[in-house]
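The next block is my_file-v4.tsv, given as TSV, C-alpha atoms and all ligand atoms.
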chain	number	residue	atom	x	y	z
A	12	MET	CA	18.80	-7.60	9.94
A	13	VAL	CA	18.19	-6.53	6.35
A	14	ILE	CA	19.48	-8.96	3.73
A	15	THR	CA	20.12	-7.17	0.45
A	16	GLN	CA	19.49	-8.88	-2.89
A	17	SER	CA	23.20	-9.33	-3.58
A	18	LYS	CA	23.80	-10.78	-0.09
A	19	LYS	CA	20.87	-13.19	-0.64
A	20	ARG	CA	22.29	-14.22	-4.02
A	21	PHE	CA	25.70	-14.79	-2.39
A	22	LEU	CA	24.14	-16.94	0.37
A	23	ASP	CA	22.20	-18.93	-2.26
A	24	GLU	CA	25.43	-19.59	-4.17
A	25	ILE	CA	27.17	-20.79	-1.01
A	26	TYR	CA	24.23	-23.12	-0.38
A	27	LEU	CA	24.41	-24.54	-3.92
A	28	MET	CA	28.16	-25.20	-3.59
A	29	LYS	CA	27.55	-27.76	-0.84
A	30	ASP	CA	27.01	-31.20	-2.42
A	31	SER	CA	25.22	-32.39	0.70
A	32	ASN	CA	22.42	-29.92	0.01
A	33	LEU	CA	21.78	-31.28	-3.44
A	34	SER	CA	21.13	-35.02	-3.28
A	35	PRO	CA	19.13	-35.98	-6.38
A	36	PHE	CA	16.04	-38.11	-5.90
A	37	VAL	CA	13.28	-39.99	-7.69
A	38	VAL	CA	9.73	-39.91	-6.45
A	39	LYS	CA	6.75	-42.03	-7.50
A	40	PHE	CA	3.09	-41.35	-7.68
A	41	ASN	CA	1.24	-43.83	-5.43
A	42	LYS	CA	-2.14	-44.47	-7.07
A	43	THR	CA	-3.61	-46.33	-4.09
A	44	LEU	CA	-2.70	-43.70	-1.53
A	45	LYS	CA	-3.37	-40.93	-4.05
A	46	GLU	CA	-0.19	-39.10	-3.11
A	47	LEU	CA	3.52	-38.94	-3.86
A	48	SER	CA	5.68	-41.65	-2.29
A	49	PHE	CA	7.58	-38.86	-0.57
A	50	TYR	CA	6.63	-35.25	0.16
A	51	THR	CA	7.33	-32.49	2.65
A	52	LYS	CA	3.81	-31.02	2.80
A	53	LYS	CA	0.31	-32.33	2.12
A	54	SER	CA	-2.77	-30.12	1.96
A	55	VAL	CA	-6.43	-31.03	1.65
A	56	ARG	CA	-8.87	-28.37	0.52
A	57	LYS	CA	-12.49	-28.87	1.46
A	58	LEU	CA	-15.48	-26.78	0.44
A	59	SER	CA	-15.22	-24.80	3.70
A	60	ASP	CA	-11.70	-23.73	2.61
A	61	LEU	CA	-13.04	-22.52	-0.73
A	62	LYS	CA	-16.16	-20.66	0.46
A	63	GLU	CA	-15.15	-17.37	-1.12
A	64	TYR	CA	-13.91	-18.93	-4.34
A	65	PHE	CA	-17.06	-20.53	-5.77
A	66	TYR	CA	-19.51	-18.18	-7.46
A	67	ASP	CA	-22.74	-19.58	-6.02
A	68	GLU	CA	-22.44	-18.53	-2.37
A	69	ASN	CA	-25.98	-19.69	-1.50
A	70	THR	CA	-25.31	-23.24	-2.64
A	71	VAL	CA	-22.02	-23.28	-0.70
A	72	LYS	CA	-23.88	-22.12	2.41
A	73	LYS	CA	-26.64	-24.73	2.01
A	74	ILE	CA	-24.18	-27.62	1.59
A	75	LEU	CA	-22.16	-26.55	4.64
A	76	GLU	CA	-25.30	-25.96	6.74
A	77	LYS	CA	-26.37	-29.55	6.06
A	78	GLY	CA	-23.14	-30.63	7.72
A	79	ASN	CA	-21.45	-31.68	4.46
A	80	ASP	CA	-17.96	-30.50	3.64
A	81	PRO	CA	-16.76	-32.37	0.53
A	82	GLU	CA	-13.08	-32.62	-0.32
A	83	ILE	CA	-12.53	-30.59	-3.48
A	84	TYR	CA	-8.81	-31.30	-4.00
A	85	SER	CA	-5.62	-32.33	-2.28
A	86	PHE	CA	-2.00	-31.66	-3.10
A	87	CYS	CA	1.47	-32.77	-1.99
A	88	ASP	CA	4.62	-30.74	-2.44
A	89	ILE	CA	8.29	-31.53	-2.21
A	90	GLU	CA	9.51	-28.15	-1.05
A	91	ARG	CA	13.18	-27.42	-1.56
A	92	PRO	CA	15.11	-24.63	0.17
A	93	LYS	CA	14.01	-21.21	-1.03
A	94	VAL	CA	17.19	-20.37	-2.94
A	95	VAL	CA	17.78	-19.37	-6.57
A	96	GLY	CA	18.33	-22.52	-8.63
A	97	GLU	CA	16.08	-24.86	-6.63
A	98	LEU	CA	12.72	-26.20	-7.90
A	99	ASN	CA	9.68	-27.46	-6.02
A	100	LEU	CA	7.60	-30.37	-7.22
A	101	GLY	CA	3.86	-30.42	-6.61
A	102	TRP	CA	1.22	-33.06	-7.28
A	103	THR	CA	-2.51	-32.21	-7.26
A	104	GLN	CA	-5.68	-34.29	-7.47
A	105	ILE	CA	-8.98	-32.47	-8.06
A	106	ASN	CA	-12.06	-34.59	-7.45
A	107	PRO	CA	-14.94	-34.55	-9.94
A	108	GLY	CA	-18.02	-32.60	-8.87
A	109	LEU	CA	-20.07	-29.41	-9.00
A	110	ILE	CA	-20.97	-26.60	-6.63
A	111	GLY	CA	-24.16	-25.26	-8.17
A	112	ASN	CA	-23.23	-25.19	-11.84
A	113	GLU	CA	-19.53	-24.59	-11.29
A	114	PHE	CA	-17.06	-27.46	-11.52
A	115	TYR	CA	-14.67	-28.33	-8.69
A	116	MET	CA	-11.43	-26.35	-9.05
A	117	THR	CA	-8.32	-25.15	-7.28
A	118	LYS	CA	-8.29	-21.77	-5.55
A	119	GLY	CA	-5.77	-20.48	-8.05
A	120	HIS	CA	-3.06	-17.93	-7.42
A	121	PHE	CA	-0.54	-15.52	-8.91
A	122	HIS	CA	3.22	-15.91	-8.53
A	123	GLY	CA	5.70	-13.05	-8.60
A	124	PRO	CA	6.28	-11.28	-11.94
A	125	ASN	CA	9.42	-13.27	-12.83
A	126	GLU	CA	8.19	-16.71	-11.82
A	127	ALA	CA	7.12	-19.25	-14.44
A	128	GLU	CA	5.70	-22.73	-13.82
A	129	ILE	CA	5.07	-25.97	-15.73
A	130	TYR	CA	2.04	-28.24	-15.34
A	131	PHE	CA	1.99	-31.82	-16.57
A	132	CYS	CA	-1.44	-33.46	-16.62
A	133	GLN	CA	-1.31	-37.16	-15.74
A	134	GLU	CA	-4.96	-38.07	-16.07
A	135	GLY	CA	-8.43	-36.59	-16.25
A	136	GLU	CA	-9.85	-33.65	-18.15
A	137	GLY	CA	-9.75	-30.01	-17.21
A	138	ILE	CA	-9.54	-26.36	-18.11
A	139	LEU	CA	-6.46	-24.45	-17.07
A	140	ILE	CA	-7.43	-20.82	-16.63
A	141	LEU	CA	-4.52	-18.48	-17.25
A	142	GLU	CA	-4.98	-14.78	-16.64
A	143	ASN	CA	-2.41	-12.18	-17.60
A	144	GLN	CA	-1.93	-10.04	-14.51
A	145	LYS	CA	-1.16	-6.89	-16.52
A	146	THR	CA	-3.60	-7.05	-19.45
A	147	ARG	CA	-6.18	-9.26	-17.69
A	148	ILE	CA	-6.56	-11.24	-20.92
A	149	ILE	CA	-7.75	-14.78	-20.20
A	150	HIS	CA	-6.18	-17.77	-21.95
A	151	PRO	CA	-8.26	-20.88	-21.23
A	152	MET	CA	-6.44	-24.14	-22.09
A	153	TYR	CA	-7.95	-27.61	-22.32
A	154	ILE	CA	-5.73	-30.18	-20.55
A	155	THR	CA	-5.92	-33.93	-20.41
A	156	GLU	CA	-3.60	-36.95	-20.01
A	157	SER	CA	-0.10	-36.01	-21.24
A	158	SER	CA	-0.81	-32.29	-21.73
A	159	ILE	CA	2.10	-30.13	-20.65
A	160	ALA	CA	1.33	-26.46	-20.02
A	161	TYR	CA	3.88	-23.69	-19.78
A	162	ILE	CA	2.65	-20.97	-17.46
A	163	SER	CA	4.57	-17.83	-18.35
A	164	PRO	CA	5.63	-15.39	-15.62
A	165	GLY	CA	2.83	-13.00	-14.66
A	166	PHE	CA	-0.04	-15.40	-15.41
A	167	GLY	CA	-2.42	-16.31	-12.58
A	168	HIS	CA	-3.55	-19.94	-12.79
A	169	ARG	CA	-6.43	-22.13	-11.69
A	170	VAL	CA	-7.37	-25.68	-12.78
A	171	VAL	CA	-11.00	-26.77	-13.17
A	172	ASN	CA	-11.96	-30.45	-13.36
A	173	VAL	CA	-14.58	-30.79	-16.11
A	174	GLY	CA	-14.45	-34.60	-16.27
A	175	LYS	CA	-16.22	-37.43	-14.46
A	176	LEU	CA	-12.98	-38.75	-12.91
A	177	PRO	CA	-10.26	-37.17	-10.76
A	178	LEU	CA	-7.94	-34.76	-12.56
A	179	ILE	CA	-4.30	-35.23	-11.65
A	180	PHE	CA	-1.42	-32.96	-12.55
A	181	ILE	CA	2.20	-32.31	-11.59
A	182	ALA	CA	3.55	-28.78	-11.05
A	183	ILE	CA	7.16	-27.68	-11.27
A	184	TYR	CA	7.85	-24.22	-9.91
A	185	LEU	CA	10.63	-22.12	-8.41
A	186	ALA	CA	11.39	-23.01	-4.80
A	187	ASN	CA	11.69	-19.33	-3.92
A	188	SER	CA	8.49	-18.28	-5.70
A	189	THR	CA	5.68	-16.42	-3.96
A	190	HIS	CA	1.96	-17.34	-4.03
A	191	ASP	CA	-0.66	-14.59	-3.96
A	192	TYR	CA	-4.16	-15.96	-3.17
A	193	GLU	CA	-5.65	-12.68	-1.94
A	194	LYS	CA	-6.15	-11.21	-5.40
A	195	VAL	CA	-8.14	-14.29	-6.50
A	196	LYS	CA	-10.13	-14.35	-3.26
A	197	ARG	CA	-11.06	-10.68	-3.77
A	198	GLU	CA	-12.16	-10.71	-7.36
A	199	GLY	CA	-11.89	-14.24	-8.80
A	200	PHE	CA	-10.66	-14.96	-12.29
A	201	GLY	CA	-12.30	-13.33	-15.32
A	202	ILE	CA	-14.17	-16.52	-16.27
A	203	LEU	CA	-16.18	-19.31	-14.67
A	204	VAL	CA	-16.28	-22.86	-16.05
A	205	VAL	CA	-19.83	-24.16	-15.65
A	206	ARG	CA	-21.96	-27.16	-16.60
A	207	ASN	CA	-23.50	-27.09	-20.06
A	208	GLN	CA	-26.58	-29.25	-20.29
A	209	SER	CA	-27.60	-28.28	-23.80
A	210	SER	CA	-24.56	-29.48	-25.69
A	211	ARG	CA	-22.40	-32.54	-26.37
A	212	ILE	CA	-19.57	-30.71	-24.58
A	213	PRO	CA	-20.48	-30.85	-20.87
A	214	TYR	CA	-18.92	-27.50	-19.91
A	215	LYS	CA	-18.92	-23.90	-21.06
A	216	ILE	CA	-16.88	-20.82	-20.28
A	217	ILE	CA	-18.72	-17.68	-19.19
A	218	PRO	CA	-17.48	-14.27	-18.00
A	219	ASN	CA	-17.38	-13.98	-14.21
A	220	PRO	CA	-20.41	-11.80	-13.34
A	221	LYS	CA	-18.71	-10.79	-10.06
A	222	ARG	CA	-15.90	-9.06	-11.87
A	223	ASP	CA	-16.15	-5.32	-11.75
A	224	LYS	CA	-17.55	-4.15	-15.15
A	225	GLU	CA	-14.61	-1.81	-15.72
A	226	ASN	CA	-12.25	-4.67	-15.14
A	227	LEU	CA	-13.90	-7.07	-17.57
A	228	SER	CA	-11.35	-9.31	-19.21
A	229	GLN	CA	-10.90	-10.19	-22.83
A	230	ILE	CA	-11.45	-13.94	-23.14
A	231	LEU	CA	-9.51	-15.81	-25.82
A	232	PRO	CA	-11.02	-18.94	-27.43
A	233	LEU	CA	-10.34	-22.23	-25.64
A	234	LYS	CA	-6.97	-23.69	-26.76
A	235	GLN	CA	-7.24	-27.44	-27.30
A	301	LIG	C1	2.10	-24.31	-7.13
A	301	LIG	C2	1.22	-24.97	-8.14
A	301	LIG	C3	0.31	-26.11	-7.63
A	301	LIG	C4	-0.83	-25.60	-6.71
A	301	LIG	C5	-1.86	-26.70	-6.41
A	301	LIG	C6	-3.02	-26.22	-5.58
A	301	LIG	O1	2.65	-23.15	-7.63
A	301	LIG	O2	0.51	-24.05	-8.92
A	301	LIG	O3	1.07	-27.10	-7.02
A	301	LIG	O4	-0.34	-25.10	-5.49
A	301	LIG	O5	-2.37	-27.19	-7.62
A	301	LIG	O6	-3.62	-25.06	-6.10
A	301	LIG	P1	-3.74	-23.74	-5.22
A	301	LIG	O7	-4.21	-22.70	-6.16
A	301	LIG	O8	-4.65	-24.04	-4.10
A	301	LIG	O9	-2.33	-23.48	-4.72
A	302	ZN	ZN	1.43	-22.00	-9.17
Hey, can you dump this file as structure tokens for me?
Ligand code: S6P
Ligand code: ZN
Amino acid sequence: MVITQSKKRFLDEIYLMKDSNLSPFVVKFNKTLKELSFYTKKSVRKLSDLKEYFYDENTVKKILEKGNDPEIYSFCDIERPKVVGELNLGWTQINPGLIGNEFYMTKGHFHGPNEAEIYFCQEGEGILILENQKTRIIHPMYITESSIAYISPGFGHRVVNVGKLPLIFIAIYLANSTHDYEKVKREGFGILVVRNQSSRIPYKIIPNPKRDKENLSQILPLKQ
């Protein structure tokens, strides 16, 4: 059965009219368990899940061949029904570490063209990579405790942990949003965030050498 947009909208409105569907709630971050006190889905991403996402494929292979498979990050989501008007709440912890010279990071993804998101960093230090899907311009943002980032519609996003401690952030996004990982898996983002041993600042941003030359992105200066 084909559900047209207007039928979907109508069904969403019916859903929102039922009070029983909309019980408010409060959730807490449990520091000991490193998760939310309540969630509907928990995911753990190990190196083997991120094989295609790190630049240095040889190092990835060597680590895995030795029988190691470190946890890179984990995240919990409170997923609400996929109707207009509902929001999901996500919580992510990225461990500190390096694969070759590249810092631990999330896979990253693109949402649909009309789907914004907000990140709130609770603790740690990271770079939020934002890439405009249309222009491919990269907007790297430095985030740390209490940083709140607005991710405009159409911007792919990945978080890189450049600190020595876990990086923790909260995400608020549309419950009916879509997540496209394939694009990132295919070509990565336009930049890599790598260790910098020759400077007081322990990281640096470099263009992604794997990106097709014709598709090279313009990289804006890091926003603090
Ligand atoms: C969801 C939001 C986050 C990520 C999480 C893991 O839209 O951006 O909750 O899902 O940080 O990252 P990724 O790229 O593996 O989904
Ligand atoms: Zn997202």
Inset, instruction - Set the cut-off to 7 Å, count all atoms listed in the file, and list whatever residues fall near ligand ZN 302 (chain A) as a ChimeraX atom specification. - result: /A:120-122,128,168,184,190
Inset, instruction - Kindly provide, as a ChimeraX atom specification, the polymer residues lying within 8 Å of (-19.0, -31.5, -12.3), counting all atoms listed in the file and using the coordinates exactly as they appear in the file. - result: /A:107-110,112-115,172-175,206
Inset, instruction - Considering all atoms listed in the file, return as a PyMOL selection string whatever protein or nucleic-acid residues lie within 6 Å of segment 43-57 of chain A, sequence-local ones (same chain, fewer than 5 positions apart) excluded. - result: chain A and resi 81-89
Any idea what's packed within 8 Å of Gln235 of chain A, counting only C-alpha atoms, ignoring anything in its chain fewer than 5 positions away? Could you give it as a JSON list (two decimals) with C-alpha atoms, in the coordinates of the input?
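And here is the file that came out, result_23.json:
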[["chain", "number", "residue", "atom", "x", "y", "z"],
["A", 152, "MET", "CA", -6.44, -24.14, -22.09],
["A", 153, "TYR", "CA", -7.95, -27.61, -22.32],
["A", 154, "ILE", "CA", -5.73, -30.18, -20.55]]
Legend entry - Counting only C-alpha atoms and all ligand atoms, the option among A:Lys19, A:His150, A:Lys118, A:Lys221 closest to ligand LIG 301 (chain A): A:Lys118
Inset, instruction - Can you work out which one of A:Ile162, A:Arg147, A:Val205, A:Lys194 has the shortest atom-to-atom distance to Ile230 of chain A, counting only C-alpha atoms? - result: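 The closest residue to Ile230 of chain A is A:Arg147.
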Legend entry - Coordinates-based distance that separates atom C5 of ligand LIG 301 (chain A) from atom CA of Thr103 of chain A (Å, one decimal):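 Atom C5 of ligand LIG 301 (chain A) lies at a distance of 5.6 Å from atom CA of Thr103 of chain A.
One distance worth recording is that between atom CA of Leu178 of chain A and atom CA of Ile138 of chain A, which is 10.2 Å.
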